[in-house]
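Here is the structure we will look at, set down as structure tokens.
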Amino acid sequence: MFTLHKKITLVTGAGSGIGQAIAQTFAGQGAVVWVVDRDEAAGRATVATILAAGGQADFAALDVSDAAAVAALAERLPALDVLVNNAGIGHVGNLTQTAAADLDRLHAVNVRGPFNLCKAFVPAMLARGSGSVINLASVGGVVAVRDRLAYTITKHAVVGLTKALALDHSHTGVRFNAICPARVETPFVQARIAEYADPAKAYRDMASTQLNGRMVRPDEIAAVALYLAADESAMVTGSNQMIDGGWTAGK
């Protein structure tokens, strides 16, 4: 298993789902984790589980779309070794069902959020000549997803942001990579599936785009994030790490 011994890490959207799994996995491998989330109760619950397991973690409340708040947080936190831009939101709809306000709302969190965090925390990494930035994109950042217009637009932007950052700055020793999962079986998704008249069929339908017939687990994404955060991935930058069960194999 890769180690993150004493590495200072920050994970946004770490109160639940993918972000929580990444924070817990990092802490389990020796990282000092800053758990960041808009939901203070959820974020502090993640911290509590990490502390109970003997890890090191602290919490900071943050709206990633608020550039001033992000900058203020960077001023009071130590320099980071690893930044994970996980916080994100979704929207269901095609062109006729998507308002400009919907696109703006997703852009503020999914695109401006990672941009804001990078603006605030990456300069210290560049000055030090080391660091790993991991952006959570999506299979929807590589191929279009039906009835997810705004989401697809913003996740393509995250992939573009990652590649541009890598091209401009990886010569300094700082690495930038994206993780592109297929549909993920988070607690939120499980709750939505349970609302269907036939939950088993709903799961099969949602998992049908993956060749192995199931959704991704948060811990599987956390394992890839751990690799990208660790020194063993020193030659990996500007990449899209696909965790899509073969969704894009024929694309």
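Chains: A, B, ... in order of the structure tokens. Residues: from 1 per chain. Ligands: from 1, in order shown.
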
With only C-alpha atoms as the counted atoms, please give the residues lying no more than 7 Å from A:Ile179, apart from itself and same-chain residues fewer than 3 positions off, as a list in words. Asn135, Leu136, Ala137, Ser138, Asn240, Gln241 and Met242 of chain A

Using only N, CA and C atoms, please write the residues we just selected to a file, as a CSV table (one decimal), in the first residue's frame.
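To be explicit, this is the file written out as again_29.csv:
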chain,number,residue,atom,x,y,z
A,135,ASN,N,-8.0,16.3,-9.4
A,135,ASN,CA,-9.3,16.9,-9.7
A,135,ASN,C,-10.3,15.8,-10.0
A,136,LEU,N,-11.4,15.8,-9.3
A,136,LEU,CA,-12.5,14.8,-9.6
A,136,LEU,C,-13.3,15.3,-10.8
A,137,ALA,N,-13.1,14.6,-11.9
A,137,ALA,CA,-13.9,14.9,-13.1
A,137,ALA,C,-15.0,13.9,-13.2
A,138,SER,N,-15.1,13.2,-14.3
A,138,SER,CA,-16.2,12.2,-14.5
A,138,SER,C,-15.9,11.6,-15.9
A,240,ASN,N,-5.9,11.5,-17.3
A,240,ASN,CA,-7.3,11.2,-16.9
A,240,ASN,C,-7.4,9.8,-16.5
A,241,GLN,N,-7.5,9.5,-15.2
A,241,GLN,CA,-7.5,8.2,-14.7
A,241,GLN,C,-9.0,7.7,-14.8
A,242,MET,N,-9.3,6.8,-15.7
A,242,MET,CA,-10.6,6.3,-16.0
A,242,MET,C,-11.0,5.2,-15.0

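The neighbours of A:Val158 here are the residues that come within 8 Å of it, using only C-alpha atoms and leaving out any residue fewer than 3 positions away in the same chain; they are Asn110, Val111, Pro114, Asn135, Leu136, Ala137, Gly141, Thr154, Lys155, Leu161, Thr162 and Ala178 of chain A.
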
Go through A:Ala223, A:Met235, A:Val145, A:Ile193 one by one, measure the shortest atom-to-atom distance of each to A:Ser170 using only C-alpha atoms, and give the residue with the smallest value. A:Met235

One decimal place gives the atom CA of A:His156-atom CA of A:Pro187 separation as 24.8 Å

Would you return as an NGL selection string the members of stretch 8-241 of chain A that DSSP assigns to helix (DSSP H, G or I) on this structure's backbone? :A and (17-28 or 40-52 or 67-76 or 95-97 or 100-110 or 112-128 or 139-141 or 149-172 or 187-194 or 199-207 or 218-229 or 231-233)

Need the shell around A:Gly131: protein/DNA/RNA residues with any atom at most 6 Å away, counting only C-alpha atoms. Skip same-chain ones fewer than 3 positions apart. Format as a PyMOL selection string? chain A and resi 81-82+125+174

Written selection (C-alpha atoms) as a PDB file, in the first residue's frame:
ATOM      1  CA  ASP A  81       1.383  18.407  -0.211  1.00  0.00           C
ATOM      2  CA  VAL A  82      -1.845  17.132  -1.774  1.00  0.00           C
ATOM      3  CA  MET A 125       3.476  24.014  -4.134  1.00  0.00           C
ATOM      4  CA  VAL A 174       3.944  19.736  -9.112  1.00  0.00           C
TER       5      VAL A 174
END

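You can rank A:Arg217, A:His107, A:His169, A:Arg192 by their closest distance to A:Ile153 using only C-alpha atoms, and at the top of that list sits A:His107.
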